12 protein chains.
Amino acid sequence: MKILVLNGPNLNLLGEREPEIYGKDSFEELGRKIEGWAKELGMVVDIRQSNHEGDLVDAIQEARTWASGIVLNAGALTHSSYALRDVIAAVKIPVVEVHLSNVFAREEFRKRSIISPVCIGQISGFGHLSYHLALQALRELGLRRLTVV
Amino acid sequence: MKILVLNGPNLNLLGEREPEIYGKDSFEELGRKIEGWAKELGMVVDIRQSNHEGDLVDAIQEARTWASGIVLNAGALTHSSYALRDVIAAVKIPVVEVHLSNVFAREEFRKRSIISPVCIGQISGFGHLSYHLALQALRELGLRRLTVV
Amino acid sequence: MKILVLNGPNLNLLGEREPEIYGKDSFEELGRKIEGWAKELGMVVDIRQSNHEGDLVDAIQEARTWASGIVLNAGALTHSSYALRDVIAAVKIPVVEVHLSNVFAREEFRKRSIISPVCIGQISGFGHLSYHLALQALRELGLRRLTVV
Amino acid sequence: MKILVLNGPNLNLLGEREPEIYGKDSFEELGRKIEGWAKELGMVVDIRQSNHEGDLVDAIQEARTWASGIVLNAGALTHSSYALRDVIAAVKIPVVEVHLSNVFAREEFRKRSIISPVCIGQISGFGHLSYHLALQALRELGLRRLTVV
Amino acid sequence: MKILVLNGPNLNLLGEREPEIYGKDSFEELGRKIEGWAKELGMVVDIRQSNHEGDLVDAIQEARTWASGIVLNAGALTHSSYALRDVIAAVKIPVVEVHLSNVFAREEFRKRSIISPVCIGQISGFGHLSYHLALQALRELGLRRLTVV
Amino acid sequence: MKILVLNGPNLNLLGEREPEIYGKDSFEELGRKIEGWAKELGMVVDIRQSNHEGDLVDAIQEARTWASGIVLNAGALTHSSYALRDVIAAVKIPVVEVHLSNVFAREEFRKRSIISPVCIGQISGFGHLSYHLALQALRELGLRRLTVV
Amino acid sequence: MKILVLNGPNLNLLGEREPEIYGKDSFEELGRKIEGWAKELGMVVDIRQSNHEGDLVDAIQEARTWASGIVLNAGALTHSSYALRDVIAAVKIPVVEVHLSNVFAREEFRKRSIISPVCIGQISGFGHLSYHLALQALRELGLRRLTVV
Amino acid sequence: MKILVLNGPNLNLLGEREPEIYGKDSFEELGRKIEGWAKELGMVVDIRQSNHEGDLVDAIQEARTWASGIVLNAGALTHSSYALRDVIAAVKIPVVEVHLSNVFAREEFRKRSIISPVCIGQISGFGHLSYHLALQALRELGLRRLTVV
Amino acid sequence: MKILVLNGPNLNLLGEREPEIYGKDSFEELGRKIEGWAKELGMVVDIRQSNHEGDLVDAIQEARTWASGIVLNAGALTHSSYALRDVIAAVKIPVVEVHLSNVFAREEFRKRSIISPVCIGQISGFGHLSYHLALQALRELGLRRLTVV
Amino acid sequence: MKILVLNGPNLNLLGEREPEIYGKDSFEELGRKIEGWAKELGMVVDIRQSNHEGDLVDAIQEARTWASGIVLNAGALTHSSYALRDVIAAVKIPVVEVHLSNVFAREEFRKRSIISPVCIGQISGFGHLSYHLALQALRELGLRRLTVV
Amino acid sequence: MKILVLNGPNLNLLGEREPEIYGKDSFEELGRKIEGWAKELGMVVDIRQSNHEGDLVDAIQEARTWASGIVLNAGALTHSSYALRDVIAAVKIPVVEVHLSNVFAREEFRKRSIISPVCIGQISGFGHLSYHLALQALRELGLRRLTVV
Amino acid sequence: MKILVLNGPNLNLLGEREPEIYGKDSFEELGRKIEGWAKELGMVVDIRQSNHEGDLVDAIQEARTWASGIVLNAGALTHSSYALRDVIAAVKIPVVEVHLSNVFAREEFRKRSIISPVCIGQISGFGHLSYHLALQALRELGLRRLTVV
């Protein structure tokens, strides 16, 4: 079970950027945690980050040939990218939307996610743990098809 | 570690109500699953359901004396109840908002949650599994205080 | 053919409350009229009123086991209750929305009904007569399934 | 008791136009039904249809000299015609607004009726039956003046 | 100097329709007054009324061959007719928009005039006198081209 | 002179809930203060609190038989309950709306009160003192009918 | 018959300010024209201008003791001054709102007049002539009370 | 292959009306061009124009018995006519919406087309050529059913 | 304890202006009442009124050197003056916002107060009594610092 | 006559992505069709696709040195990219906006095109044929300058 | 080169008013700095402040006879004064809009400037330095006419 | 003191693109000017331009290791890029937002800047000079920390 863990703009600044919101661990440390969780769950993860919307679209397009699930933290593009929305709707792979912070407790513009309607579910507000829960969700979904939409 | 699992209007109709959206299992079957998951995680759960907003507010008020966490599926009250918002902000217990369906892929009014800004996080779209993930989140939070908001 | 005639907040004040809008007859007198009309139409009615949203939801849930139709005057909850909307969508029984007054000729907020999209039809503006017409509609629908939505 | 039954744009296509919404009977068949109901109620009806807003306004103006009530299905003009609103407000005859389908369960623009505030009441969602109920309402109103607005 | 005095829907009901707003004089009496005022001002008027938007558009199109000015009371079409707006912009003749009542002191929808931006000016609120002032304005404009837009 | 002092959701948590906004005194202590003030003003108060909208509506309905005034702090229901609005409009007793905090200096949704248009006046921002001022207002109104609305 | 002709901010710049919109004549020249027209109509005018909202309010308050009508060009304050609205509603004198330019053919904000609902009528778009028509309107109104609002 | 080429209000003024936007050729010249293009494509066209919304609705209703396609330039009715929308949805014939000018580069109200959702496609901004392209589109669609919606 | 009682536009017309809303007593009579109440409370009041926004700002600026509280009825400026908002936020003196009428029961624009968020509290709807309650509030606040915001 | 045919995000997934909307042919097959049509029209086309907004801007910038026209299907960027709008306005080459599907019959956000006001025209809803019509439009425009905007 | 440096409401409170936002220096100290900067740039400045909108309008009107540029900090009037907008558009002198604080990082209402569209440019967020930059901008503009708008 | 001067989409077209708005000098000529100004101010500048949002985000991320200030003209991305907003908030370097034209005097969408709230200040409308003023601002800020936000 291979999973693409895809991260959008500025997530590579983790640990450095507004640590009171996003935590003190670096993006590399988060990556190691994710790999550990994946291993426990019997999954293989490919973790990527880009500040370019086009790279994220490319990555999702390419993932349709090998991935059985995607964990997507689109960062600020969550709120503006119809191209991401379209590519998620276009590929057949389940995509779980994650956010480190509780986006509903912040600025008004962060409350609107353009990609939510085409993802299978959302997990937000649990810091690094959000990724762990997303992997668990995908694994459960992989073992038995979700009977409830 | 004692957890209140609180359910709002019409969740007692699970299995019967729009099964293509909410699944075929009854509310009792969901309850048994939740109890099983809780046991595995070393938690004790108190599962309740009411169609009355006031009952939900009462339950959260009372839970502040014994619960270390709340899993809340407020149902339709998610979109209209400022009283729920106020009681969540008033008590000190972490509350995880859950939804069975992907509320962002449905009617417009379901996209706005009045309680999201005062919960610590949201999990939606994974059917019964949403409750499982919420319990896991609370347990992790209980073991070590989340460093990332 | 058993029908639930369900009334929301403040309808028990009929005759006393703003009689220039709602008429001079008391709620009990309206009840007797409804029972008379039902009898003529060969129907049995169970008339209830509550100021509690939860009670109305409970009543509709319970009615799914015995009623073949519901006449619903949700009063002020017409404009705010997503829980009522959900329970109407959840049960299989046809629900006719009625209003004593022409709600479109009054305050702006009364023009928006949250429950209209899930009822089968609306009758408003005819005073007590609105209930009579609703009963006739349900009886016709009971005799032959409506071919036109 | 003479009643004008006035129909707006495209109602002459009944039976042919989107039959899953508007039913399979033709406009002529609906006309015959209406005449039958009127007869039973001791009423005389004049049934008209036009695709021209001006014709409908003319018809209502002219009806003020002979009709004791109007049943109006303004079709798409319901949502755009201030001229119809003005003529209804100008004449003294009670006008009942009817719709075959539940207009609140369809496109957003169909939820706003420009004429509702000046009609005495609305009946929508009961297919052909909507006209029957409207005739009954007018007859009851004719026999005794409605004490409740 | 020939002037078209064009009147929209329901103005033919003057005197009969809501006399507390529109006055007690009939449309014919208003017409005689307008002819009297025109005579005093050395103008010839052609007074028309229709409940059909298309007739008003036709009349303005045709007037471009003979009229040196138009006094237009578009009635309810003031608030909905882009076709009237387009024809006013298309012809070269100055059009003065008039209203009997103060449209800004009535329902919200009457505050928005679709045709105002393409007329040369507006006169509203002076009852029959609005037409007199409009004729005077056109005459002054005819004698010397307005130096101020 | 008997006064109903009615309190909505979560006011029973006073002293415990966000004390920087609502103060450190408990609801019971506030109650004792109110009773003291009432005594000084020669009034008898009945102080109630409920988290249920229906209970508040019931209480106001019942008060119409014995109370000469109502002091109402509807809490979060201030911003969502049309049922409260309707019952205030239905009973003949003057209702004074009070708030402990300055609701206009807080979240956007707290700026809109659904009940304000049907109360006789509002007092907000003075903490416990808001209740004292409300009692004084009702007493003055009781002694001589207010000549100014 | 004494008339206050009151002018708001920047009207003293007439002739100099955007002459393609407001004309080439100075405010003094406009004043002389107005005095000429008044004389012909048997009226006495007091023409004033101020850039201060408070001065305009003062002037209208004071005019209630001597003027039988007011011609008001409030300039930019038309779109923002509730104080002007209140004073017009407070005094008993008829106020005619005038504008030199067609305010509906310009920027969006100029389309909303705060004072229109409390004036008796509006005249806009006729340059200096707007004042002439306003004086004529007031004179007619003075001779015989307008039977039509 | 017979095609109805239907034109709305003011298109008969082509060549005369705002020629910098709509071109210098008259409506008759455009008609001759369209007939020429149709001939080349092996089509027969029936070209009509009316300033009456009702006429356009009538024409589309009638065309359902003989036309295999409709080219519709609804003019200003594009932005206001729900009756046109309904008749297009009611008939089975493919309708191509055309505009001479780029409606998106003009006034705000021209950006919203009420009929677009029920047409099969839109062509706008190419002057007379828009009609030529529309005929080509219908012919291609006639030869082989479009595989892409 | 010295208090500035500051009144905005048109309050000097009290007794004369819309007496059914604002009462029959003149501004001078209200002044005498306020002085009487102040005396009873051991306060000294300086009562001022101006129709000029700038005067009100000047008065509040100057009051910061001598007043221990301000009672402010800003009249129509309540709804438009950001300058008043800024000066209230700039000075350290507590300001109580008062209104004679229940502003929430009147025109829509009166429901929005620009100054509310920077005042300590609001009292509205009690006629002259509103000033009395405001003085009492300031006195209580002066005796002991309010523990509840 | 050289034409740039530029395609935005996800158009390379044609045939695979939601074929019921976008058709079964692959992007390569569409390319071959376009080349065939171009050949017939005596045109040379350069067909490009990118998921990167910056690439599309670069391509249009570069095209200003060699292309005599652009056919642009900006995909999801149609609805969000002001950079594309600016570059189209900056270059002198005519740009035709095309869409495979009828974007007005889909989600609300697809109805707003940011680039429409700066393109010369739009063609949408004809599947692959949309490109053919766009090429024809550009060729006609190349042969003789469009006399109608 | 003579420059008017004009300041609106409450800027005279500088140093005292919210010093964490507006700095600790008094308005007089700011004035001395501005005079120093002007001297270095070979300019003469006339620095004024008023809390009256009318005074600011008067000052700009008068400046048209002697000033070659205006630096305008309109304070709170920035967000509400159409009269200031009109006078800036009326005079020929370039006006630079300045703000001490970053108005876009504060309350929502401070983000909308009514005067921005008629000023030549804006400088905000640099504290006292904003005035220095504005003077430099005007001097550069004075030496050579800006070639870029 | 090293400064990043970062330019967004289409700024490389300067001199060629809409020269009446953006001036006739090329981007290279602007670059030379900026370098000259920097030299005079004792600064070193690194001038970059890209049409790719991701490149701009990358550049700002990288600049946090070497730059003491950023001058940012984000071009069209000013109005749509939350990713730019996030990276500006994430790095510690002061960012000055500049625009060549007065963005408030152009299309509506240009009035909303997504990045303004996280920049320290804005300078717009002075053509090339905007960059000069921004450099001066950063230098002053570098010499002494701004005491006023």
# chains A, B, ... in the order shown; residues from 1 in each chain; ligands from 1
call {"tool": "residues_around", "arguments": {"residues": "region 31-34 of chain A", "least_positions_apart": "3", "cutoff": "9 Å", "atoms": "only C-alpha atoms", "output": "PyMOL selection string"}}
result
chain A and resi 5+26-28+37-39+45+47+128+131-132+135
call {"tool": "interface_residues", "arguments": {"of": "chain J", "to": "chain A", "cutoff": "10 Å", "atoms": "only C-alpha atoms", "output": "JSON, numbers by chain"}}
result
{"J": [8, 9, 10, 11, 12, 13, 14, 16, 17, 18, 19, 50, 51, 52, 53, 54, 55, 75, 76, 77, 78, 79, 80, 81, 109, 110]}
call {"tool": "write_last_selection", "arguments": {"atoms": "N, CA and C atoms", "output": "JSON list (two decimals), in the first residue's frame"}}
result
[["chain", "number", "residue", "atom", "x", "y", "z"],
["J", 8, "GLY", "N", -4.50, 24.74, -20.28],
["J", 8, "GLY", "CA", -4.13, 24.85, -18.88],
["J", 8, "GLY", "C", -4.19, 23.53, -18.12],
["J", 9, "PRO", "N", -4.25, 23.61, -16.80],
["J", 9, "PRO", "CA", -4.15, 22.44, -15.92],
["J", 9, "PRO", "C", -5.13, 21.33, -16.25],
["J", 10, "ASN", "N", -4.62, 20.12, -16.24],
["J", 10, "ASN", "CA", -5.39, 18.88, -16.32],
["J", 10, "ASN", "C", -5.96, 18.57, -17.70],
["J", 11, "LEU", "N", -5.73, 19.45, -18.67],
["J", 11, "LEU", "CA", -6.23, 19.12, -20.00],
["J", 11, "LEU", "C", -5.44, 17.96, -20.60],
["J", 12, "ASN", "N", -4.24, 17.69, -20.11],
["J", 12, "ASN", "CA", -3.48, 16.52, -20.57],
["J", 12, "ASN", "C", -4.12, 15.21, -20.11],
["J", 13, "LEU", "N", -5.09, 15.29, -19.22],
["J", 13, "LEU", "CA", -5.77, 14.06, -18.76],
["J", 13, "LEU", "C", -7.00, 13.73, -19.61],
["J", 14, "LEU", "N", -7.22, 14.50, -20.66],
["J", 14, "LEU", "CA", -8.40, 14.27, -21.51],
["J", 14, "LEU", "C", -8.55, 12.80, -21.89],
["J", 16, "GLU", "N", -9.32, 10.47, -20.02],
["J", 16, "GLU", "CA", -9.23, 9.70, -18.77],
["J", 16, "GLU", "C", -10.06, 10.37, -17.68],
["J", 17, "ARG", "N", -10.06, 11.71, -17.69],
["J", 17, "ARG", "CA", -10.70, 12.51, -16.65],
["J", 17, "ARG", "C", -12.19, 12.71, -16.95],
["J", 18, "GLU", "N", -13.04, 12.36, -16.04],
["J", 18, "GLU", "CA", -14.48, 12.53, -16.17],
["J", 18, "GLU", "C", -14.95, 12.50, -17.62],
["J", 19, "PRO", "N", -14.81, 11.34, -18.30],
["J", 19, "PRO", "CA", -15.12, 11.28, -19.74],
["J", 19, "PRO", "C", -16.56, 11.66, -20.07],
["J", 50, "SER", "N", 0.19, 22.99, -19.98],
["J", 50, "SER", "CA", 0.96, 23.00, -18.73],
["J", 50, "SER", "C", 0.01, 23.09, -17.55],
["J", 51, "ASN", "N", 0.46, 22.52, -16.44],
["J", 51, "ASN", "CA", -0.30, 22.63, -15.20],
["J", 51, "ASN", "C", 0.16, 23.85, -14.39],
["J", 52, "HIS", "N", 1.13, 24.62, -14.92],
["J", 52, "HIS", "CA", 1.72, 25.74, -14.19],
["J", 52, "HIS", "C", 1.23, 27.07, -14.77],
["J", 53, "GLU", "N", 0.61, 27.88, -13.94],
["J", 53, "GLU", "CA", 0.15, 29.20, -14.36],
["J", 53, "GLU", "C", 1.31, 30.00, -14.98],
["J", 54, "GLY", "N", 2.46, 29.95, -14.34],
["J", 54, "GLY", "CA", 3.61, 30.70, -14.85],
["J", 54, "GLY", "C", 4.00, 30.29, -16.25],
["J", 55, "ASP", "N", 3.91, 29.00, -16.55],
["J", 55, "ASP", "CA", 4.23, 28.54, -17.90],
["J", 55, "ASP", "C", 3.29, 29.13, -18.94],
["J", 75, "GLY", "N", -8.47, 26.11, -18.57],
["J", 75, "GLY", "CA", -8.88, 25.15, -17.54],
["J", 75, "GLY", "C", -9.29, 25.86, -16.26],
["J", 76, "ALA", "N", -8.95, 25.28, -15.15],
["J", 76, "ALA", "CA", -9.37, 25.82, -13.86],
["J", 76, "ALA", "C", -8.80, 27.22, -13.60],
["J", 77, "LEU", "N", -7.70, 27.58, -14.26],
["J", 77, "LEU", "CA", -7.13, 28.92, -14.05],
["J", 77, "LEU", "C", -8.04, 30.01, -14.59],
["J", 78, "THR", "N", -8.96, 29.64, -15.48],
["J", 78, "THR", "CA", -9.97, 30.58, -15.97],
["J", 78, "THR", "C", -10.63, 31.34, -14.84],
["J", 79, "HIS", "N", -10.78, 30.67, -13.72],
["J", 79, "HIS", "CA", -11.59, 31.20, -12.63],
["J", 79, "HIS", "C", -10.77, 31.86, -11.52],
["J", 80, "SER", "N", -9.43, 31.85, -11.63],
["J", 80, "SER", "CA", -8.64, 32.40, -10.53],
["J", 80, "SER", "C", -7.43, 33.23, -10.95],
["J", 81, "SER", "N", -7.03, 33.23, -12.21],
["J", 81, "SER", "CA", -5.72, 33.81, -12.55],
["J", 81, "SER", "C", -5.80, 35.24, -13.11],
["J", 109, "PHE", "N", -18.78, 28.27, -9.36],
["J", 109, "PHE", "CA", -17.50, 28.96, -9.57],
["J", 109, "PHE", "C", -17.06, 28.93, -11.02],
["J", 110, "ARG", "N", -17.56, 27.98, -11.80],
["J", 110, "ARG", "CA", -17.14, 27.92, -13.21],
["J", 110, "ARG", "C", -17.85, 28.97, -14.07]]
call {"tool": "select_by_dssp", "arguments": {"residues": "region 16-112 of chain J", "states": "strand (DSSP E or B)", "output": "list in words"}}
result
Val44, Val45, Asp46, Ile47, Arg48, Gln49, Gly69, Ile70, Val71, Leu72, Asn73, Val95, Val96, Glu97, Val98 and His99 of chain J
call {"tool": "write_last_selection", "arguments": {"atoms": "all heavy atoms", "output": "compact mmCIF listing (two decimals), in the first residue's frame"}}
result
# COMPACT_ATOMS: atom_id res chain seq x y z
N VAL J 44 -0.85 27.27 -39.20
CA VAL J 44 0.11 26.43 -38.49
C VAL J 44 -0.16 26.60 -37.01
O VAL J 44 -0.29 27.72 -36.53
CB VAL J 44 1.56 26.87 -38.82
CG1 VAL J 44 2.56 26.04 -38.01
CG2 VAL J 44 1.83 26.73 -40.31
N VAL J 45 -0.27 25.48 -36.29
CA VAL J 45 -0.57 25.58 -34.86
C VAL J 45 0.59 25.05 -34.02
O VAL J 45 1.27 24.11 -34.41
CB VAL J 45 -1.84 24.80 -34.47
CG1 VAL J 45 -3.08 25.51 -34.98
CG2 VAL J 45 -1.79 23.36 -34.95
N ASP J 46 0.78 25.68 -32.88
CA ASP J 46 1.72 25.19 -31.87
C ASP J 46 0.87 24.88 -30.64
O ASP J 46 0.33 25.79 -30.02
CB ASP J 46 2.77 26.28 -31.58
CG ASP J 46 3.83 25.78 -30.60
OD1 ASP J 46 3.67 24.67 -30.06
OD2 ASP J 46 4.80 26.52 -30.38
N ILE J 47 0.73 23.59 -30.33
CA ILE J 47 -0.16 23.16 -29.25
C ILE J 47 0.64 22.89 -27.99
O ILE J 47 1.58 22.10 -28.01
CB ILE J 47 -0.92 21.88 -29.65
CG1 ILE J 47 -1.67 22.11 -30.97
CG2 ILE J 47 -1.89 21.46 -28.55
CD1 ILE J 47 -2.35 20.88 -31.53
N ARG J 48 0.28 23.56 -26.89
CA ARG J 48 0.99 23.34 -25.63
C ARG J 48 0.03 23.15 -24.48
O ARG J 48 -1.12 23.59 -24.52
CB ARG J 48 1.87 24.56 -25.32
CG ARG J 48 2.89 24.81 -26.41
CD ARG J 48 4.01 25.64 -25.91
NE ARG J 48 4.65 26.31 -27.06
CZ ARG J 48 5.34 27.43 -27.00
NH1 ARG J 48 5.46 28.04 -25.83
NH2 ARG J 48 5.88 27.94 -28.07
N GLN J 49 0.56 22.49 -23.46
CA GLN J 49 -0.24 22.29 -22.24
C GLN J 49 0.68 22.38 -21.04
O GLN J 49 1.82 21.92 -21.08
CB GLN J 49 -0.92 20.91 -22.27
CG GLN J 49 -1.94 20.68 -21.17
CD GLN J 49 -1.33 20.18 -19.86
OE1 GLN J 49 -0.26 19.60 -19.85
NE2 GLN J 49 -2.00 20.44 -18.76
N GLY J 69 -2.43 34.79 -33.45
CA GLY J 69 -3.66 34.54 -32.70
C GLY J 69 -3.42 33.47 -31.66
O GLY J 69 -2.48 32.67 -31.77
N ILE J 70 -4.27 33.45 -30.63
CA ILE J 70 -4.13 32.44 -29.57
C ILE J 70 -5.50 31.84 -29.29
O ILE J 70 -6.49 32.56 -29.16
CB ILE J 70 -3.57 33.07 -28.27
CG1 ILE J 70 -2.15 33.60 -28.50
CG2 ILE J 70 -3.58 32.05 -27.12
CD1 ILE J 70 -1.53 34.31 -27.30
N VAL J 71 -5.54 30.50 -29.23
CA VAL J 71 -6.72 29.79 -28.74
C VAL J 71 -6.37 29.33 -27.33
O VAL J 71 -5.41 28.59 -27.15
CB VAL J 71 -7.06 28.58 -29.65
CG1 VAL J 71 -8.22 27.79 -29.06
CG2 VAL J 71 -7.37 29.06 -31.06
N LEU J 72 -7.13 29.78 -26.35
CA LEU J 72 -6.76 29.53 -24.95
C LEU J 72 -7.86 28.79 -24.19
O LEU J 72 -8.97 29.30 -24.04
CB LEU J 72 -6.48 30.86 -24.24
CG LEU J 72 -6.20 30.79 -22.74
CD1 LEU J 72 -4.97 29.96 -22.44
CD2 LEU J 72 -6.02 32.20 -22.18
N ASN J 73 -7.53 27.59 -23.75
CA ASN J 73 -8.39 26.88 -22.80
C ASN J 73 -7.64 26.85 -21.49
O ASN J 73 -6.78 25.98 -21.27
CB ASN J 73 -8.69 25.46 -23.30
CG ASN J 73 -9.63 24.73 -22.35
OD1 ASN J 73 -9.83 25.15 -21.20
ND2 ASN J 73 -10.22 23.64 -22.82
N VAL J 95 -6.98 36.89 -28.58
CA VAL J 95 -7.08 35.62 -27.85
C VAL J 95 -8.55 35.18 -27.83
O VAL J 95 -9.42 35.96 -27.47
CB VAL J 95 -6.57 35.79 -26.40
CG1 VAL J 95 -6.75 34.48 -25.61
CG2 VAL J 95 -5.12 36.23 -26.38
N VAL J 96 -8.79 33.93 -28.26
CA VAL J 96 -10.13 33.36 -28.20
C VAL J 96 -10.18 32.37 -27.03
O VAL J 96 -9.38 31.44 -26.98
CB VAL J 96 -10.51 32.64 -29.52
CG1 VAL J 96 -11.88 31.98 -29.39
CG2 VAL J 96 -10.50 33.63 -30.68
N GLU J 97 -11.12 32.60 -26.13
CA GLU J 97 -11.28 31.71 -24.96
C GLU J 97 -12.17 30.54 -25.34
O GLU J 97 -13.28 30.74 -25.85
CB GLU J 97 -11.94 32.52 -23.84
CG GLU J 97 -12.23 31.74 -22.58
CD GLU J 97 -13.00 32.57 -21.55
OE1 GLU J 97 -13.32 33.76 -21.82
OE2 GLU J 97 -13.30 32.03 -20.47
N VAL J 98 -11.71 29.32 -25.12
CA VAL J 98 -12.55 28.15 -25.42
C VAL J 98 -12.70 27.25 -24.20
O VAL J 98 -11.84 27.22 -23.31
CB VAL J 98 -11.97 27.29 -26.59
CG1 VAL J 98 -11.86 28.10 -27.86
CG2 VAL J 98 -10.64 26.67 -26.21
N HIS J 99 -13.82 26.55 -24.18
CA HIS J 99 -14.07 25.52 -23.17
C HIS J 99 -14.72 24.32 -23.83
O HIS J 99 -15.58 24.49 -24.71
CB HIS J 99 -14.98 26.05 -22.06
CG HIS J 99 -14.38 27.20 -21.31
ND1 HIS J 99 -13.39 27.04 -20.39
CD2 HIS J 99 -14.60 28.53 -21.39
CE1 HIS J 99 -13.03 28.23 -19.91
NE2 HIS J 99 -13.75 29.15 -20.50
call {"tool": "atom_distance", "arguments": {"atom1": "CA of Lys24 (chain E)", "atom2": "CA of Gln122 (chain E)"}}
result
23.4 Å
call {"tool": "atom_distance", "arguments": {"atom1": "CA of Gly23 (chain F)", "atom2": "CA of Leu129 (chain F)"}}
result
11.5 Å
call {"tool": "select_by_dssp", "arguments": {"residues": "chain D", "states": "helix (DSSP H, G or I)", "output": "count of residues only"}}
result
71
call {"tool": "residues_around", "arguments": {"residues": "Glu140 (chain K)", "least_positions_apart": "4", "cutoff": "12 Å", "atoms": "only C-alpha atoms", "output": "PyMOL selection string"}}
result
(chain K and resi 1+41-43+69+133-136+144-147) or (chain L and resi 126-130+132-133)
call {"tool": "atom_distance", "arguments": {"atom1": "CA of Lys111 (chain I)", "atom2": "CA of Arg112 (chain B)"}}
result
24.9 Å
call {"tool": "residues_around", "arguments": {"residues": "Ala67 (chain F)", "least_positions_apart": "2", "cutoff": "7 Å", "atoms": "only C-alpha atoms", "output": "PyMOL selection string"}}
result
chain F and resi 2-4+63-65+69
call {"tool": "residues_around", "arguments": {"residues": "Ser101 (chain B)", "least_positions_apart": "6", "cutoff": "7 Å", "atoms": "only C-alpha atoms", "output": "list in words"}}
result
Val149 of chain A; Ile21, Tyr22, Ser124, Gly125, Phe126 and Gly127 of chain B
